[in-house]
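Engineer: Pasting in a structure now, in structure tokens, and then I'll have a few things to ask.
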Amino acid sequence: MALGRLLFLHLPKAYHVRSIDIVEERSSRVVNRLSVNLNEADAHPAMYRGTLVYPFELQAGKTTVVYVRSHAYSHQWFSLKVYDDENSRRALAGGHLDIALMVGMMLALVFYNGLLYFATSKKENIYYSLYLISGLVWIALSYGLVAKAFNAYGDAVFVLNLSLITMPIFLLSFMMAIFETHEYFRTEHRVLQGMLALLVVTFVYGLFDIATALKPASSLAALMMVVTFSVSRCRLSPLISIISKRSMTPMATMWATWFW
């Protein structure tokens, strides 16, 4: 009997889904099955730091078919890679140093803005810190740093995706506070308040049904970009004039210049 070639199927985005089923057929006959529930996968032998690894054998003169079915929460995350033994080990040994570095830099900014808040008591600093915290949580979750570092996935970790909703909530609060829209741009302030209310309602709904709450996330993100950009562009000239006439925080000046 000819020796087969052992290969390894990697699903590097497995940490994003609820469960995965794999069926292997050889010459139209089922030879192996694998089912992984991510809620109970922290000690599963097929899981390694958020990546599902399925070994299968290719035999000479026979056809091997591998079917993969994943049960996603709200959006489909799907990636398949096939390696031999050596490259499989290298892929699993690869780290997330770039993501860890980015998260570390954001943590430093959180700490810096926290110090500014305690020194000046300006609420825009705490809003910006909360915005950064939401961002780093979502980045660490989306790029697998949480799964790789803590071997954590499933429903309990999926709840952290609510940070995708808290990010724009704190960003809008930051814009309203730093540009003092309630005093100088009342029409735009009402528009931003309406967008903020919509996001808060979505967040509260997400506490009970996060999968459904995340489905319109892309549309909400697009709407928020249109609203914030429109408000910023329409009122930047008056804002620059206000900054020149009165003393505003350096952060407000920086953000006004950036939007300009």
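Identifiers in the structure tokens: chain A, B, ... in order shown; residue index from 1 per chain; ligand index from 1 in order shown.
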From a DSSP pass on the backbone, collect the residues of range 35-191 of chain A flagged as strand (DSSP E) and hand them back as a PyMOL selection string.

Structural biologist: chain A and resi 35-37+47-48+51-58+64-71+81-83

Engineer: Could you write those residues out with N, CA, C and O atoms, as an mmCIF file, in the first residue's frame?

Structural biologist:
data_model
loop_
_atom_site.group_PDB
_atom_site.id
_atom_site.type_symbol
_atom_site.label_atom_id
_atom_site.label_comp_id
_atom_site.auth_asym_id
_atom_site.auth_seq_id
_atom_site.Cartn_x
_atom_site.Cartn_y
_atom_site.Cartn_z
ATOM 1 N N SER A 35 -16.245 17.863 15.082
ATOM 2 C CA SER A 35 -17.141 18.944 15.483
ATOM 3 C C SER A 35 -16.522 19.655 16.681
ATOM 4 O O SER A 35 -16.131 19.009 17.655
ATOM 5 N N VAL A 36 -16.439 20.966 16.569
ATOM 6 C CA VAL A 36 -15.839 21.761 17.646
ATOM 7 C C VAL A 36 -16.804 22.866 18.047
ATOM 8 O O VAL A 36 -17.193 23.689 17.216
ATOM 9 N N ASN A 37 -17.218 22.851 19.308
ATOM 10 C CA ASN A 37 -18.025 23.923 19.880
ATOM 11 C C ASN A 37 -17.064 24.886 20.561
ATOM 12 O O ASN A 37 -16.387 24.522 21.515
ATOM 13 N N MET A 47 -7.759 22.689 18.729
ATOM 14 C CA MET A 47 -7.623 24.137 18.803
ATOM 15 C C MET A 47 -6.256 24.518 19.358
ATOM 16 O O MET A 47 -5.790 23.957 20.345
ATOM 17 N N TYR A 48 -5.634 25.482 18.701
ATOM 18 C CA TYR A 48 -4.353 25.992 19.183
ATOM 19 C C TYR A 48 -4.356 27.505 19.041
ATOM 20 O O TYR A 48 -4.265 28.041 17.949
ATOM 21 N N THR A 51 -6.695 28.944 16.480
ATOM 22 C CA THR A 51 -6.653 28.314 15.165
ATOM 23 C C THR A 51 -7.074 26.859 15.270
ATOM 24 O O THR A 51 -6.569 26.130 16.123
ATOM 25 N N LEU A 52 -8.014 26.446 14.418
ATOM 26 C CA LEU A 52 -8.390 25.037 14.379
ATOM 27 C C LEU A 52 -7.475 24.321 13.381
ATOM 28 O O LEU A 52 -7.299 24.780 12.252
ATOM 29 N N VAL A 53 -6.896 23.210 13.817
ATOM 30 C CA VAL A 53 -5.975 22.442 12.976
ATOM 31 C C VAL A 53 -6.566 21.047 12.764
ATOM 32 O O VAL A 53 -6.822 20.319 13.726
ATOM 33 N N TYR A 54 -6.780 20.702 11.497
ATOM 34 C CA TYR A 54 -7.349 19.397 11.159
ATOM 35 C C TYR A 54 -6.360 18.631 10.273
ATOM 36 O O TYR A 54 -6.095 19.028 9.131
ATOM 37 N N PRO A 55 -5.794 17.533 10.771
ATOM 38 C CA PRO A 55 -4.871 16.738 9.952
ATOM 39 C C PRO A 55 -5.636 15.767 9.040
ATOM 40 O O PRO A 55 -6.631 15.171 9.441
ATOM 41 N N PHE A 56 -5.182 15.655 7.817
ATOM 42 C CA PHE A 56 -5.786 14.684 6.897
ATOM 43 C C PHE A 56 -4.697 14.138 5.974
ATOM 44 O O PHE A 56 -3.626 14.741 5.811
ATOM 45 N N GLU A 57 -5.018 13.002 5.369
ATOM 46 C CA GLU A 57 -4.012 12.301 4.569
ATOM 47 C C GLU A 57 -4.449 12.210 3.105
ATOM 48 O O GLU A 57 -5.608 11.910 2.805
ATOM 49 N N LEU A 58 -3.524 12.514 2.223
ATOM 50 C CA LEU A 58 -3.744 12.332 0.787
ATOM 51 C C LEU A 58 -3.073 11.038 0.348
ATOM 52 O O LEU A 58 -1.862 10.873 0.522
ATOM 53 N N THR A 64 -9.597 12.845 -2.084
ATOM 54 C CA THR A 64 -9.976 13.254 -0.732
ATOM 55 C C THR A 64 -10.680 14.605 -0.794
ATOM 56 O O THR A 64 -10.164 15.552 -1.396
ATOM 57 N N VAL A 65 -11.847 14.669 -0.194
ATOM 58 C CA VAL A 65 -12.625 15.908 -0.139
ATOM 59 C C VAL A 65 -12.888 16.246 1.320
ATOM 60 O O VAL A 65 -13.316 15.388 2.104
ATOM 61 N N VAL A 66 -12.619 17.499 1.690
ATOM 62 C CA VAL A 66 -12.847 17.960 3.062
ATOM 63 C C VAL A 66 -13.909 19.064 3.024
ATOM 64 O O VAL A 66 -13.727 20.086 2.355
ATOM 65 N N TYR A 67 -15.020 18.841 3.720
ATOM 66 C CA TYR A 67 -16.096 19.824 3.817
ATOM 67 C C TYR A 67 -15.987 20.554 5.158
ATOM 68 O O TYR A 67 -15.794 19.918 6.202
ATOM 69 N N VAL A 68 -16.146 21.856 5.107
ATOM 70 C CA VAL A 68 -16.062 22.670 6.325
ATOM 71 C C VAL A 68 -17.336 23.499 6.445
ATOM 72 O O VAL A 68 -17.731 24.197 5.496
ATOM 73 N N ARG A 69 -17.970 23.414 7.601
ATOM 74 C CA ARG A 69 -19.175 24.208 7.864
ATOM 75 C C ARG A 69 -18.973 24.948 9.184
ATOM 76 O O ARG A 69 -18.692 24.333 10.211
ATOM 77 N N SER A 70 -19.107 26.274 9.111
ATOM 78 C CA SER A 70 -18.944 27.078 10.329
ATOM 79 C C SER A 70 -20.245 27.788 10.666
ATOM 80 O O SER A 70 -20.966 28.251 9.773
ATOM 81 N N HIS A 71 -20.534 27.852 11.951
ATOM 82 C CA HIS A 71 -21.724 28.542 12.437
ATOM 83 C C HIS A 71 -21.272 29.878 12.998
ATOM 84 O O HIS A 71 -20.704 29.954 14.087
ATOM 85 N N LYS A 81 -6.256 27.414 5.122
ATOM 86 C CA LYS A 81 -4.879 27.267 4.665
ATOM 87 C C LYS A 81 -4.466 25.810 4.847
ATOM 88 O O LYS A 81 -4.831 25.187 5.857
ATOM 89 N N VAL A 82 -3.714 25.292 3.892
ATOM 90 C CA VAL A 82 -3.238 23.911 3.950
ATOM 91 C C VAL A 82 -1.713 23.928 3.991
ATOM 92 O O VAL A 82 -1.062 24.566 3.157
ATOM 93 N N TYR A 83 -1.140 23.215 4.983
ATOM 94 C CA TYR A 83 0.307 23.168 5.163
ATOM 95 C C TYR A 83 0.773 21.723 5.295
ATOM 96 O O TYR A 83 0.000 20.834 5.697
#

Engineer: Ranking A:Leu141, A:Met175, A:Ile99, A:Asn125 by minimum distance to Tyr153 in chain A and counting only C-alpha atoms, which one comes first?

Structural biologist: A:Leu141

Engineer: Would you please give, as a PyMOL selection string, all residues of range 55-243 of chain A that DSSP assigns to alpha helix (DSSP H) based on the backbone?

Structural biologist: chain A and resi 85-93+97-120+123-142+145-150+155-158+163-178+181-184+186-206+210-214+217-243

Engineer: Would you pick out the contacts of Ser79 in chain A at 7 Å or less, using only C-alpha atoms, so that residues sharing its chain but fewer than 4 positions from it are not included, and give the list as a list of chain:residue names?

Structural biologist: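 Contacts, in chain order: A:Leu11, A:Pro12, A:Lys13.
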
Engineer: Interatomic distance between CA of Ala43 in chain A and CA of Leu145 in chain A?

Structural biologist: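 According to the coordinates, CA of Ala43 in chain A and CA of Leu145 in chain A are separated by 17.7 Å.
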
Engineer: For CA of Leu80 in chain A and CA of Leu214 in chain A, determine how far apart the two atoms are, in Å to one decimal place.

Structural biologist: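 For CA of Leu80 in chain A relative to CA of Leu214 in chain A, the distance reads 24.3 Å.
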
Engineer: Just to confirm, what's the straight-line distance from CA of Ile126 in chain A to CA of Leu192 in chain A in Å (one decimal)?

Structural biologist: 18.7 Å

Engineer: Closest to Thr166 in chain A among A:Met224, A:Leu130, A:Val110, A:Ala119, using only C-alpha atoms?

Structural biologist: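 With only C-alpha atoms as the atom set, the closest residue is A:Leu130.
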
Engineer: Can you tell me, as an MDAnalysis selection string, what residues are no more than 12 Å from Leu223 in chain A when counting only C-alpha atoms, ignoring any on the same chain fewer than 4 positions away?

Structural biologist: chainID A and resid 168 191:192 194:196 198:199 216:219 227:230

Engineer: Give the answer as one residue: which of A:Ala147, A:Ala177, A:Leu162, A:Ile139 has the shortest atom-to-atom distance to Lys122 in chain A, using only C-alpha atoms?

Structural biologist: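 Using only C-alpha atoms, Lys122 in chain A sits closest to A:Ala177.
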
Engineer: Between A:Leu101, A:Ala211, A:Leu164, A:Val204, which residue has the minimum interatomic distance to Val17 in chain A, considering only C-alpha atoms?

Structural biologist: A:Ala211
